[in-house]
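Below is the file structure.cif, which contains mmCIF, C-alpha atoms and all ligand atoms.
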```cif
data_model
#
loop_
_atom_site.label_atom_id
_atom_site.label_comp_id
_atom_site.auth_asym_id
_atom_site.auth_seq_id
_atom_site.Cartn_x
_atom_site.Cartn_y
_atom_site.Cartn_z
CA VAL A 1 -10.64 -98.76 -52.93
CA PHE A 2 -10.48 -96.18 -50.17
CA SER A 3 -7.15 -97.24 -48.71
CA SER A 4 -5.68 -94.90 -46.14
CA GLU A 5 -2.87 -94.19 -48.61
CA ASN A 6 -5.38 -93.12 -51.29
CA LEU A 7 -7.34 -91.04 -48.84
CA GLU A 8 -4.19 -89.34 -47.62
CA LYS A 9 -3.23 -88.47 -51.19
CA SER A 10 -6.66 -87.21 -52.22
CA CYS A 11 -7.71 -85.47 -49.02
CA LEU A 12 -4.74 -83.80 -47.36
CA ALA A 13 -4.52 -80.05 -47.95
CA ASP A 14 -1.85 -78.92 -50.41
CA ARG A 15 -0.33 -76.72 -47.74
CA LEU A 16 0.98 -79.83 -45.98
CA ALA A 17 3.03 -80.97 -48.96
CA GLY A 18 6.71 -80.99 -48.13
CA LEU A 19 6.21 -80.41 -44.38
CA HIS A 20 7.66 -83.03 -42.08
CA THR A 21 7.63 -83.63 -38.33
CA SER A 22 10.50 -81.87 -36.67
CA ALA A 23 13.87 -83.54 -36.47
CA ILE A 24 13.73 -83.11 -32.72
CA ARG A 25 10.48 -85.05 -32.37
CA GLU A 26 12.00 -87.87 -34.42
CA LEU A 27 15.04 -87.79 -32.18
CA PHE A 28 12.91 -88.03 -29.05
CA LYS A 29 11.78 -91.45 -30.19
CA LEU A 30 15.36 -92.67 -29.73
CA LEU A 31 15.71 -91.22 -26.30
CA GLY A 32 14.00 -94.09 -24.47
CA GLN A 33 17.26 -96.08 -24.60
CA PRO A 34 18.07 -97.12 -21.00
CA GLY A 35 20.92 -95.17 -19.46
CA LEU A 36 21.03 -92.62 -22.28
CA ILE A 37 22.00 -89.12 -21.13
CA SER A 38 19.94 -86.64 -23.09
CA LEU A 39 21.34 -83.18 -23.73
CA ALA A 40 18.81 -82.96 -26.54
CA GLY A 41 15.76 -81.61 -24.71
CA GLY A 42 14.42 -78.11 -24.91
CA PHE A 43 12.25 -78.18 -21.81
CA PRO A 44 12.78 -76.26 -18.58
CA ASP A 45 13.51 -78.41 -15.51
CA ALA A 46 10.15 -79.29 -13.93
CA GLY A 47 11.98 -79.60 -10.60
CA LEU A 48 12.81 -75.88 -10.72
CA LEU A 49 9.26 -74.73 -11.38
CA ASP A 50 7.50 -73.29 -8.33
CA ALA A 51 5.06 -76.18 -7.80
CA PRO A 52 4.26 -75.22 -4.17
CA GLY A 53 3.43 -71.67 -5.31
CA LEU A 54 1.23 -72.96 -8.11
CA ALA A 55 -0.51 -75.34 -5.68
CA LEU A 56 -1.32 -72.41 -3.38
CA ALA A 57 -2.52 -70.32 -6.32
CA SER A 58 -4.71 -73.20 -7.57
CA GLN A 59 -6.21 -73.68 -4.13
CA GLN A 60 -7.05 -70.00 -3.93
CA VAL A 61 -8.63 -70.10 -7.39
CA PHE A 62 -10.89 -73.01 -6.42
CA GLU A 63 -11.80 -71.38 -3.11
CA THR A 64 -12.54 -67.90 -4.40
CA GLN A 65 -13.40 -68.00 -8.11
CA ALA A 66 -14.20 -71.59 -9.07
CA SER A 67 -17.32 -70.75 -11.06
CA SER A 68 -15.59 -68.28 -13.39
CA ALA A 69 -12.33 -70.26 -13.61
CA LEU A 70 -14.24 -73.35 -14.74
CA GLN A 71 -16.39 -71.43 -17.21
CA TYR A 72 -15.80 -70.19 -20.78
CA GLY A 73 -14.05 -66.81 -20.93
CA ALA A 74 -13.24 -63.88 -23.20
CA THR A 75 -11.05 -64.61 -26.24
CA GLU A 76 -8.72 -61.71 -25.36
CA GLY A 77 -7.93 -63.31 -22.01
CA LEU A 78 -8.79 -62.99 -18.34
CA PRO A 79 -8.69 -59.32 -17.30
CA ALA A 80 -6.92 -60.20 -14.02
CA LEU A 81 -4.11 -61.97 -15.88
CA ARG A 82 -3.77 -59.21 -18.45
CA GLU A 83 -3.46 -56.69 -15.59
CA GLN A 84 -0.81 -58.79 -13.82
CA LEU A 85 1.15 -59.15 -17.06
CA VAL A 86 1.00 -55.40 -17.71
CA GLN A 87 2.62 -54.91 -14.30
CA TRP A 88 5.14 -57.69 -14.85
CA LEU A 89 6.16 -56.21 -18.19
CA SER A 90 6.50 -52.71 -16.72
CA HIS A 91 9.50 -54.01 -14.72
CA LYS A 92 11.11 -54.67 -18.09
CA GLN A 93 10.28 -51.15 -19.32
CA ILE A 94 7.57 -52.54 -21.58
CA ARG A 95 4.82 -49.99 -21.13
CA VAL A 96 1.50 -51.27 -22.47
CA GLN A 97 -2.19 -51.16 -21.56
CA VAL A 98 -4.36 -54.17 -20.77
CA ASP A 99 -6.02 -53.88 -24.19
CA ASP A 100 -2.67 -54.20 -25.97
CA LEU A 101 -2.25 -57.76 -24.68
CA LEU A 102 -3.85 -60.85 -26.18
CA ILE A 103 -3.44 -63.96 -24.01
CA THR A 104 -2.51 -66.93 -26.19
CA THR A 105 -2.21 -70.68 -25.66
CA GLY A 106 1.57 -70.60 -25.32
CA SER A 107 3.58 -68.14 -27.35
CA GLN A 108 3.48 -70.83 -30.02
CA GLN A 109 -0.11 -69.79 -30.63
CA ALA A 110 0.92 -66.13 -30.85
CA LEU A 111 3.31 -67.13 -33.64
CA ASP A 112 0.60 -69.14 -35.35
CA LEU A 113 -1.83 -66.21 -35.16
CA ILE A 114 0.80 -63.96 -36.71
CA GLY A 115 1.23 -66.47 -39.53
CA LYS A 116 -2.51 -66.78 -40.01
CA THR A 117 -3.15 -63.04 -40.06
CA LEU A 118 -0.16 -61.83 -42.07
CA ILE A 119 1.37 -64.48 -44.33
CA ASN A 120 0.18 -65.05 -47.89
CA PRO A 121 1.69 -67.93 -49.89
CA GLY A 122 4.99 -66.75 -51.32
CA ASP A 123 5.56 -63.94 -48.79
CA VAL A 124 9.17 -63.68 -47.72
CA VAL A 125 9.95 -63.92 -44.01
CA LEU A 126 13.50 -63.17 -42.90
CA VAL A 127 14.68 -65.25 -39.95
CA GLU A 128 17.94 -65.65 -38.09
CA ALA A 129 20.01 -68.63 -39.23
CA PRO A 130 19.78 -70.63 -36.99
CA THR A 131 16.30 -70.09 -35.55
CA PHE A 132 13.43 -71.79 -33.67
CA LEU A 133 12.22 -74.86 -35.56
CA ALA A 134 8.52 -74.60 -34.74
CA THR A 135 8.29 -71.05 -36.04
CA MET A 136 9.77 -72.10 -39.37
CA ALA A 137 7.34 -75.01 -39.66
CA CYS A 138 4.38 -72.84 -38.66
CA PHE A 139 5.18 -70.02 -41.10
CA ARG A 140 5.83 -72.54 -43.89
CA LEU A 141 2.35 -73.93 -43.32
CA TYR A 142 1.03 -70.52 -44.38
CA GLY A 143 3.22 -70.59 -47.48
CA ALA A 144 6.07 -68.37 -46.27
CA HIS A 145 9.34 -68.38 -48.14
CA LEU A 146 11.93 -68.27 -45.35
CA VAL A 147 15.25 -66.56 -45.93
CA GLY A 148 18.01 -67.01 -43.33
CA ILE A 149 20.22 -64.15 -42.17
CA PRO A 150 23.60 -64.97 -40.61
CA CYS A 151 24.11 -64.43 -36.89
CA ASP A 152 26.98 -64.36 -34.45
CA THR A 153 27.08 -64.21 -30.66
CA ASP A 154 25.93 -60.56 -30.79
CA GLY A 155 22.80 -61.57 -32.68
CA VAL A 156 21.74 -61.02 -36.23
CA ASP A 157 24.10 -59.46 -38.79
CA VAL A 158 22.47 -56.06 -39.29
CA GLU A 159 24.16 -55.25 -42.62
CA ALA A 160 23.19 -58.62 -44.09
CA LEU A 161 19.66 -58.10 -42.80
CA GLU A 162 19.33 -54.70 -44.44
CA ALA A 163 20.68 -56.09 -47.72
CA ALA A 164 18.06 -58.86 -47.57
CA ILE A 165 15.29 -56.35 -46.83
CA ILE A 166 16.28 -54.44 -49.95
CA GLN A 167 16.57 -57.62 -52.03
CA TYR A 168 13.42 -59.46 -50.90
CA ASN A 169 11.03 -56.78 -49.63
CA PRO A 170 9.94 -59.17 -46.85
CA LYS A 171 6.51 -59.17 -45.21
CA LEU A 172 7.95 -60.14 -41.84
CA ILE A 173 11.22 -60.32 -39.93
CA TYR A 174 11.40 -62.80 -37.05
CA LEU A 175 14.02 -62.44 -34.28
CA ILE A 176 14.82 -64.11 -30.95
CA PRO A 177 17.15 -61.43 -29.61
CA SER A 178 17.69 -62.69 -26.04
CA PHE A 179 19.26 -66.12 -25.40
CA SER A 180 18.00 -67.50 -28.65
CA ASN A 181 16.83 -71.04 -29.19
CA PRO A 182 19.02 -72.67 -30.46
CA SER A 183 22.06 -70.36 -30.46
CA GLY A 184 21.89 -68.74 -27.01
CA ALA A 185 23.01 -65.50 -28.71
CA VAL A 186 22.12 -62.12 -27.25
CA CYS A 187 21.65 -59.24 -29.65
CA SER A 188 23.77 -56.32 -28.42
CA LEU A 189 22.22 -52.96 -27.51
CA GLU A 190 24.07 -51.33 -30.38
CA ARG A 191 22.55 -53.77 -32.87
CA ARG A 192 19.11 -53.47 -31.28
CA LEU A 193 19.13 -49.74 -31.91
CA LYS A 194 20.23 -50.26 -35.51
CA LEU A 195 17.46 -52.83 -36.01
CA LEU A 196 14.91 -50.31 -34.75
CA GLU A 197 16.15 -47.77 -37.26
CA LEU A 198 15.65 -50.36 -40.00
CA ALA A 199 12.15 -51.03 -38.66
CA ALA A 200 11.32 -47.35 -38.99
CA ARG A 201 12.81 -47.14 -42.50
CA TYR A 202 11.26 -50.17 -44.25
CA SER A 203 7.71 -51.48 -44.57
CA ALA A 204 8.16 -54.98 -43.05
CA MET A 205 6.56 -55.97 -39.74
CA TRP A 206 8.97 -57.29 -37.08
CA ILE A 207 8.44 -60.06 -34.53
CA GLU A 208 10.35 -60.22 -31.27
CA ASP A 209 10.02 -63.68 -29.75
CA ASP A 210 11.12 -63.38 -26.13
CA PRO A 211 10.56 -66.46 -23.96
CA TYR A 212 14.03 -66.55 -22.40
CA SER A 213 15.03 -63.00 -21.40
CA ASP A 214 14.30 -63.58 -17.69
CA LEU A 215 16.64 -66.58 -17.59
CA TYR A 216 19.91 -64.62 -17.47
CA PHE A 217 22.82 -65.81 -15.35
CA ASP A 218 24.67 -62.63 -14.25
CA GLU A 219 23.51 -59.60 -16.20
CA PRO A 220 20.08 -59.15 -17.73
CA PRO A 221 20.12 -58.80 -21.52
CA PRO A 222 19.60 -55.32 -23.00
CA LEU A 223 16.02 -54.01 -22.97
CA SER A 224 13.74 -55.72 -25.43
CA LEU A 225 13.45 -54.31 -28.93
CA PHE A 226 9.80 -53.64 -28.14
CA ALA A 227 10.69 -51.56 -25.05
CA LEU A 228 13.42 -49.74 -26.96
CA SER A 229 11.07 -48.98 -29.84
CA GLU A 230 9.69 -46.14 -27.68
CA GLN A 231 12.97 -44.34 -28.30
CA VAL A 232 12.99 -44.70 -32.09
CA PRO A 233 10.19 -42.76 -33.79
CA GLY A 234 8.33 -44.75 -36.43
CA SER A 235 9.45 -48.16 -35.17
CA ARG A 236 6.83 -49.05 -32.52
CA GLU A 237 3.96 -49.58 -34.97
CA LYS A 238 6.00 -52.20 -36.87
CA TRP A 239 6.64 -54.28 -33.79
CA LEU A 240 4.97 -57.50 -32.58
CA TYR A 241 6.07 -58.94 -29.24
CA CYS A 242 5.54 -62.59 -28.21
CA GLY A 243 5.98 -63.45 -24.53
CA SER A 244 5.51 -66.64 -22.55
CA LEU A 245 5.22 -67.95 -19.00
CA SER A 246 6.38 -71.40 -20.15
CA LYS A 247 10.03 -71.12 -19.22
CA ILE A 248 9.57 -69.13 -16.02
CA LEU A 249 6.34 -70.46 -14.50
CA SER A 250 5.19 -73.65 -16.26
CA PRO A 251 4.93 -74.78 -19.88
CA GLY A 252 1.99 -76.97 -18.83
CA LEU A 253 -0.14 -73.88 -18.12
CA ARG A 254 0.17 -72.95 -21.83
CA ILE A 255 0.16 -69.20 -21.20
CA GLY A 256 1.70 -66.87 -23.73
CA TYR A 257 0.80 -63.41 -24.98
CA LEU A 258 0.96 -61.26 -28.06
CA ILE A 259 1.38 -57.50 -28.17
CA ALA A 260 0.51 -56.11 -31.58
CA PRO A 261 -0.89 -52.91 -33.09
CA SER A 262 -4.67 -52.70 -32.64
CA TRP A 263 -5.50 -53.36 -36.33
CA LEU A 264 -3.66 -56.67 -36.14
CA GLN A 265 -4.70 -57.53 -32.60
CA ALA A 266 -8.37 -57.39 -33.65
CA LYS A 267 -7.79 -59.89 -36.48
CA ALA A 268 -5.69 -62.14 -34.23
CA VAL A 269 -8.54 -62.18 -31.67
CA MET A 270 -10.93 -63.18 -34.44
CA CYS A 271 -8.67 -66.02 -35.60
CA LYS A 272 -8.12 -67.19 -32.04
CA GLN A 273 -11.87 -67.33 -31.57
CA PHE A 274 -12.07 -69.85 -34.42
CA ALA A 275 -9.02 -71.78 -33.16
CA ASP A 276 -9.67 -72.38 -29.47
CA ALA A 277 -12.19 -69.73 -28.31
CA HIS A 278 -9.84 -68.72 -25.50
CA THR A 279 -6.86 -69.97 -23.52
CA SER A 280 -7.80 -72.18 -20.56
CA THR A 281 -9.58 -69.98 -18.02
CA LEU A 282 -8.36 -72.23 -15.23
CA SER A 283 -4.72 -71.83 -16.27
CA GLN A 284 -5.16 -68.10 -16.67
CA ALA A 285 -6.76 -67.72 -13.24
CA ILE A 286 -3.97 -69.72 -11.60
CA ALA A 287 -1.30 -67.67 -13.38
CA ALA A 288 -3.01 -64.39 -12.41
CA VAL A 289 -3.24 -65.35 -8.73
CA TYR A 290 0.34 -66.64 -8.81
CA LEU A 291 1.69 -63.40 -10.26
CA GLY A 292 -0.34 -61.44 -7.68
CA MET A 293 1.28 -63.43 -4.86
CA GLY A 294 4.64 -61.87 -5.75
CA ARG A 295 6.54 -65.18 -5.73
CA MET A 296 7.92 -64.88 -9.25
CA PRO A 297 11.09 -62.87 -8.46
CA SER A 298 12.38 -65.37 -5.89
CA ALA A 299 11.35 -68.36 -8.03
CA LEU A 300 13.29 -66.80 -10.89
CA SER A 301 16.40 -66.16 -8.78
CA HIS A 302 16.40 -69.82 -7.80
CA MET A 303 16.04 -70.91 -11.45
CA ARG A 304 18.75 -68.55 -12.68
CA LEU A 305 21.24 -69.85 -10.10
CA ALA A 306 20.53 -73.47 -10.96
CA TYR A 307 20.74 -72.96 -14.74
CA ALA A 308 23.87 -70.83 -14.40
CA GLN A 309 25.53 -73.59 -12.37
CA ARG A 310 24.57 -76.26 -14.91
CA ALA A 311 25.74 -74.12 -17.81
CA LYS A 312 29.08 -73.63 -16.06
CA THR A 313 29.46 -77.36 -15.49
CA LEU A 314 28.72 -78.10 -19.14
CA VAL A 315 31.07 -75.40 -20.39
CA GLN A 316 33.92 -76.65 -18.18
CA ALA A 317 33.35 -80.26 -19.24
CA LEU A 318 33.26 -79.32 -22.93
CA ARG A 319 36.51 -77.39 -22.63
CA GLN A 320 38.20 -80.13 -20.71
CA GLU A 321 37.02 -83.13 -22.73
CA LEU A 322 36.70 -81.76 -26.25
CA GLY A 323 39.12 -78.83 -26.26
CA GLU A 324 39.61 -77.39 -29.70
CA ALA A 325 37.50 -80.03 -31.42
CA PHE A 326 34.36 -78.14 -30.41
CA LEU A 327 33.96 -74.39 -30.80
CA PHE A 328 31.30 -72.57 -28.77
CA MET A 329 30.58 -69.42 -26.79
CA PRO A 330 29.66 -69.93 -23.13
CA PRO A 331 25.99 -68.96 -22.77
CA ARG A 332 24.97 -65.97 -20.65
CA GLY A 333 21.42 -67.21 -20.10
CA GLY A 334 18.69 -69.41 -21.53
CA LEU A 335 18.84 -73.19 -21.74
CA PHE A 336 21.31 -73.99 -24.52
CA VAL A 337 24.91 -74.28 -25.65
CA TRP A 338 25.30 -74.01 -29.41
CA GLY A 339 28.57 -75.06 -30.95
CA ARG A 340 30.38 -76.35 -33.96
CA TRP A 341 32.61 -79.34 -34.52
CA GLN A 342 35.93 -78.31 -35.94
CA GLY A 343 36.64 -80.20 -39.12
CA GLN A 344 38.71 -83.30 -39.53
CA GLU A 345 38.22 -86.23 -41.86
CA THR A 346 38.14 -89.81 -40.63
CA SER A 347 37.80 -93.11 -42.44
CA ALA A 348 34.10 -93.11 -41.51
CA GLY A 349 33.33 -89.68 -42.96
CA TRP A 350 33.46 -86.03 -42.05
CA VAL A 351 33.61 -85.48 -38.33
CA GLN A 352 31.79 -82.21 -38.67
CA ASP A 353 28.52 -83.71 -39.87
CA SER A 354 26.43 -83.54 -36.71
CA ALA A 355 23.78 -86.07 -37.74
CA TRP A 356 26.48 -88.67 -38.34
CA TRP A 357 27.97 -87.66 -35.02
CA ASN A 358 24.73 -88.03 -33.22
CA GLN A 359 24.44 -91.68 -34.29
CA ARG A 360 27.83 -92.37 -32.77
CA ALA A 361 27.03 -90.36 -29.66
CA ILE A 362 23.75 -92.23 -29.11
CA ALA A 363 25.64 -95.51 -29.45
CA ARG A 364 27.88 -94.21 -26.64
CA GLY A 365 24.85 -93.23 -24.54
CA VAL A 366 24.52 -89.47 -25.00
CA ALA A 367 22.25 -87.44 -27.29
CA PHE A 368 22.23 -83.89 -28.62
CA VAL A 369 20.29 -82.16 -31.38
CA PRO A 370 22.13 -81.89 -34.72
CA GLY A 371 22.08 -78.25 -35.79
CA GLU A 372 21.08 -78.82 -39.39
CA ALA A 373 17.32 -78.52 -38.84
CA PHE A 374 17.57 -75.04 -37.32
CA PHE A 375 18.62 -73.47 -40.62
CA PRO A 376 15.95 -72.31 -43.05
CA GLN A 377 18.01 -72.84 -46.18
CA ILE A 378 21.62 -73.99 -46.41
CA PRO A 379 22.35 -75.87 -43.18
CA ASP A 380 25.64 -75.71 -41.34
CA LYS A 381 25.96 -79.44 -40.75
CA ALA A 382 28.76 -79.06 -38.22
CA CYS A 383 26.58 -77.32 -35.61
CA LEU A 384 24.73 -78.85 -32.70
CA ARG A 385 22.61 -77.82 -29.74
CA LEU A 386 23.17 -79.08 -26.23
CA SER A 387 20.77 -78.37 -23.39
CA PHE A 388 22.01 -78.18 -19.83
CA ALA A 389 18.57 -77.45 -18.40
CA THR A 390 17.46 -80.80 -17.05
CA ALA A 391 20.74 -82.66 -16.50
CA SER A 392 22.50 -83.15 -13.16
CA THR A 393 26.19 -82.29 -12.67
CA GLU A 394 27.01 -85.99 -12.88
CA GLN A 395 25.00 -86.41 -16.11
CA LEU A 396 26.58 -83.33 -17.69
CA ASN A 397 30.11 -84.50 -16.91
CA GLN A 398 29.40 -88.08 -17.91
CA GLY A 399 27.52 -86.97 -21.05
CA VAL A 400 30.46 -84.90 -22.28
CA LYS A 401 32.88 -87.73 -21.49
CA ARG A 402 30.75 -89.96 -23.71
CA LEU A 403 30.83 -87.34 -26.46
CA ALA A 404 34.61 -87.34 -26.24
CA GLN A 405 34.62 -91.15 -26.43
CA ALA A 406 32.41 -91.02 -29.52
CA LEU A 407 34.93 -88.59 -31.01
CA SER A 408 37.75 -91.05 -30.57
CA ASP A 409 35.80 -94.18 -31.61
C1 LIG A 501 12.07 -69.32 -29.23
C2 LIG A 501 10.81 -69.95 -28.77
N1 LIG A 501 9.65 -69.36 -29.06
C3 LIG A 501 8.48 -69.88 -28.66
C4 LIG A 501 8.42 -71.06 -27.94
C5 LIG A 501 7.07 -71.60 -27.57
O1 LIG A 501 6.86 -71.63 -26.21
P1 LIG A 501 5.43 -71.73 -25.56
O2 LIG A 501 4.42 -72.02 -26.63
O3 LIG A 501 5.52 -72.83 -24.56
O4 LIG A 501 5.17 -70.40 -24.93
C6 LIG A 501 9.61 -71.72 -27.61
C7 LIG A 501 9.57 -72.99 -26.86
O5 LIG A 501 10.51 -73.71 -26.74
C8 LIG A 501 10.83 -71.15 -28.04
O6 LIG A 501 12.02 -71.72 -27.77
#
```
Full structure transcribed into structure tokens:
Amino acid sequence: VFSSENLEKSCLADRLAGLHTSAIRELFKLLGQPGLISLAGGFPDAGLLDAPGLALASQQVFETQASSALQYGATEGLPALREQLVQWLSHKQIRVQVDDLLITTGSQQALDLIGKTLINPGDVVLVEAPTFLATMACFRLYGAHLVGIPCDTDGVDVEALEAAIIQYNPKLIYLIPSFSNPSGAVCSLERRLKLLELAARYSAMWIEDDPYSDLYFDEPPPLSLFALSEQVPGSREKWLYCGSLSKILSPGLRIGYLIAPSWLQAKAVMCKQFADAHTSTLSQAIAAVYLGMGRMPSALSHMRLAYAQRAKTLVQALRQELGEAFLFMPPRGGLFVWGRWQGQETSAGWVQDSAWWNQRAIARGVAFVPGEAFFPQIPDKACLRLSFATASTEQLNQGVKRLAQALSD
């Protein structure tokens, strides 16, 4: 009998064994509860995206280049968008040519193309612990063995990373050095320079995933590792840079990009051809016109102010309501506060287990993401991620009050 259960068992590819939907997606199913305040999301606030600017850009696209914007396009991406991005990146001291950039369908696709082109089953990939969930899932799909390296608020622990390079001889090292998801950490300039020296010394390829660096509150983060690699001989050719317009223009456009050495870029283009032929020409044309209009800097200033204000509200509320029960570093940019319950035992169990906590918090009408899933190996169950990005002042204050109530339940 060809029951769906039998078919699933006999047909699904082995590579899917042991892979599960992300904890966050499962959590989202619970978030429909009426009145629930969600600090669990990872999205930017749609209300802060420059919709009027995108409407103008779209109108211009339809008026001036409808036939090409509605047609198939080159796998590498629309030349006009690649040119605009080259200019945009030059403001961040990233000096590249149009041909160095591959436009991808979100930076998520850049990460997938890296996995597809570089990872053999059993290859070791070193990642920060904690790190971005989707990258772990994607690399695991290609058979990667992920090894977590400890981090603090200044980013990855460089000594531990070098020890792991020596121990595991990894194929890849994956870092989110600026306002990481989930930790919000910013790798210091001093550590960035040390990382580049390691890149020059060992054979591994390095990935810099950088969707958040423009979302700083006061000071920009240090220059990207990719930009700095110009200063450290022998490091540039090891470096892959993933960028995205999702957090600063619109995630719905699905525009990301990959900068990689030409030998790898060529293979990534080939794989992209088989995956989706090219990123939406319409989205690319709109993004190119938008960037050409010069509206991005003021749209970004507006976003930074709003996120900074929300982060401040959340930080103040956490300090006031939870005090020493919750340890965290105030974020300097990005969308997240990452923190850790300080241990105490209650009759119902260990307070520091975030999943257990989340149940109680949801019962009180507030949700966060338990930190466990962000660790590749041994999870720190006391950690959690809170997003301030889409909540109002009232929701942030009320949400933290509810967390405090859950604590004293
Ligand atoms: C660290 C990190 N990398 C990559 C992505 C993927 O973004 P996108 O595919 O929308 O560019 C995200 C999205 O949340 C992220 O947090």
Can you write out as a Markdown table which residues of chain A fall within 9 Å of ligand LIG 501 (chain A), alongside each residue's closest atom pair and its distance in Å to one decimal, counting all atoms listed in the file and ordering rows by chain and ascending residue number?
```
| residue | atom | partner | partner_atom | distance |
| --- | --- | --- | --- | --- |
| A:Gly42 | CA | A:LIG501 | O5 | 6.2 |
| A:Phe43 | CA | A:LIG501 | O5 | 6.9 |
| A:Pro44 | CA | A:LIG501 | O5 | 8.8 |
| A:Thr104 | CA | A:LIG501 | O4 | 8.5 |
| A:Thr105 | CA | A:LIG501 | O2 | 6.8 |
| A:Gly106 | CA | A:LIG501 | O2 | 3.4 |
| A:Ser107 | CA | A:LIG501 | O4 | 3.7 |
| A:Gln108 | CA | A:LIG501 | O2 | 3.7 |
| A:Gln109 | CA | A:LIG501 | O2 | 6.4 |
| A:Ala110 | CA | A:LIG501 | O2 | 8.0 |
| A:Leu111 | CA | A:LIG501 | C3 | 7.7 |
| A:Thr131 | CA | A:LIG501 | C1 | 7.6 |
| A:Phe132 | CA | A:LIG501 | C1 | 5.3 |
| A:Leu133 | CA | A:LIG501 | O6 | 8.4 |
| A:Ala134 | CA | A:LIG501 | C4 | 7.7 |
| A:Thr135 | CA | A:LIG501 | N1 | 7.3 |
| A:Leu175 | CA | A:LIG501 | C1 | 8.8 |
| A:Ile176 | CA | A:LIG501 | C1 | 6.1 |
| A:Phe179 | CA | A:LIG501 | C1 | 8.8 |
| A:Ser180 | CA | A:LIG501 | C1 | 6.2 |
| A:Asn181 | CA | A:LIG501 | O6 | 5.1 |
| A:Pro182 | CA | A:LIG501 | O6 | 7.6 |
| A:Asp209 | CA | A:LIG501 | N1 | 5.7 |
| A:Asp210 | CA | A:LIG501 | C1 | 6.8 |
| A:Pro211 | CA | A:LIG501 | N1 | 5.9 |
| A:Tyr212 | CA | A:LIG501 | C1 | 7.6 |
| A:Cys242 | CA | A:LIG501 | C3 | 7.9 |
| A:Gly243 | CA | A:LIG501 | O4 | 7.0 |
| A:Ser244 | CA | A:LIG501 | O4 | 4.5 |
| A:Leu245 | CA | A:LIG501 | O4 | 6.4 |
| A:Ser246 | CA | A:LIG501 | O3 | 4.7 |
| A:Lys247 | CA | A:LIG501 | O3 | 7.2 |
| A:Ser250 | CA | A:LIG501 | O3 | 8.3 |
| A:Pro251 | CA | A:LIG501 | O3 | 5.1 |
| A:Gly252 | CA | A:LIG501 | O3 | 7.9 |
| A:Leu253 | CA | A:LIG501 | O3 | 8.6 |
| A:Arg254 | CA | A:LIG501 | O3 | 6.0 |
| A:Ile255 | CA | A:LIG501 | O4 | 6.4 |
| A:Gly256 | CA | A:LIG501 | O4 | 5.1 |
| A:Tyr257 | CA | A:LIG501 | O4 | 8.2 |
```
**Report entry** stretch 299-310 of chain A surroundings by all atoms listed in the file, 12 Å radius, close-in-sequence under 3 positions cut, as a VMD selection string
**Finding:** chain A and resid 39 44 to 54 212 to 220 245 247 to 250 290 to 291 293 to 296 313 to 317 330 to 337 386 to 397
Selection to disk with C-alpha atoms, as a compact mmCIF listing (two decimals), keeping the file's coordinate frame:
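Listing of part15.txt after writing:
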```
# COMPACT_ATOMS: atom_id res chain seq x y z
CA LEU A 39 21.34 -83.18 -23.73
CA PRO A 44 12.78 -76.26 -18.58
CA ASP A 45 13.51 -78.41 -15.51
CA ALA A 46 10.15 -79.29 -13.93
CA GLY A 47 11.98 -79.60 -10.60
CA LEU A 48 12.81 -75.88 -10.72
CA LEU A 49 9.26 -74.73 -11.38
CA ASP A 50 7.50 -73.29 -8.33
CA ALA A 51 5.06 -76.18 -7.80
CA PRO A 52 4.26 -75.22 -4.17
CA GLY A 53 3.43 -71.67 -5.31
CA LEU A 54 1.23 -72.96 -8.11
CA TYR A 212 14.03 -66.55 -22.40
CA SER A 213 15.03 -63.00 -21.40
CA ASP A 214 14.30 -63.58 -17.69
CA LEU A 215 16.64 -66.58 -17.59
CA TYR A 216 19.91 -64.62 -17.47
CA PHE A 217 22.82 -65.81 -15.35
CA ASP A 218 24.67 -62.63 -14.25
CA GLU A 219 23.51 -59.60 -16.20
CA PRO A 220 20.08 -59.15 -17.73
CA LEU A 245 5.22 -67.95 -19.00
CA LYS A 247 10.03 -71.12 -19.22
CA ILE A 248 9.57 -69.13 -16.02
CA LEU A 249 6.34 -70.46 -14.50
CA SER A 250 5.19 -73.65 -16.26
CA TYR A 290 0.34 -66.64 -8.81
CA LEU A 291 1.69 -63.40 -10.26
CA MET A 293 1.28 -63.43 -4.86
CA GLY A 294 4.64 -61.87 -5.75
CA ARG A 295 6.54 -65.18 -5.73
CA MET A 296 7.92 -64.88 -9.25
CA THR A 313 29.46 -77.36 -15.49
CA LEU A 314 28.72 -78.10 -19.14
CA VAL A 315 31.07 -75.40 -20.39
CA GLN A 316 33.92 -76.65 -18.18
CA ALA A 317 33.35 -80.26 -19.24
CA PRO A 330 29.66 -69.93 -23.13
CA PRO A 331 25.99 -68.96 -22.77
CA ARG A 332 24.97 -65.97 -20.65
CA GLY A 333 21.42 -67.21 -20.10
CA GLY A 334 18.69 -69.41 -21.53
CA LEU A 335 18.84 -73.19 -21.74
CA PHE A 336 21.31 -73.99 -24.52
CA VAL A 337 24.91 -74.28 -25.65
CA LEU A 386 23.17 -79.08 -26.23
CA SER A 387 20.77 -78.37 -23.39
CA PHE A 388 22.01 -78.18 -19.83
CA ALA A 389 18.57 -77.45 -18.40
CA THR A 390 17.46 -80.80 -17.05
CA ALA A 391 20.74 -82.66 -16.50
CA SER A 392 22.50 -83.15 -13.16
CA THR A 393 26.19 -82.29 -12.67
CA GLU A 394 27.01 -85.99 -12.88
CA GLN A 395 25.00 -86.41 -16.11
CA LEU A 396 26.58 -83.33 -17.69
CA ASN A 397 30.11 -84.50 -16.91
```
12 Å contact set for A:Asp14, only C-alpha atoms, chain neighbours under 6 positions out, as a tab-separated table (two decimals) with C-alpha atoms, in the frame of the given file:
```tsv
chain	number	residue	atom	x	y	z
A	8	GLU	CA	-4.19	-89.34	-47.62
A	121	PRO	CA	1.69	-67.93	-49.89
A	140	ARG	CA	5.83	-72.54	-43.89
A	141	LEU	CA	2.35	-73.93	-43.32
A	142	TYR	CA	1.03	-70.52	-44.38
A	143	GLY	CA	3.22	-70.59	-47.48
```
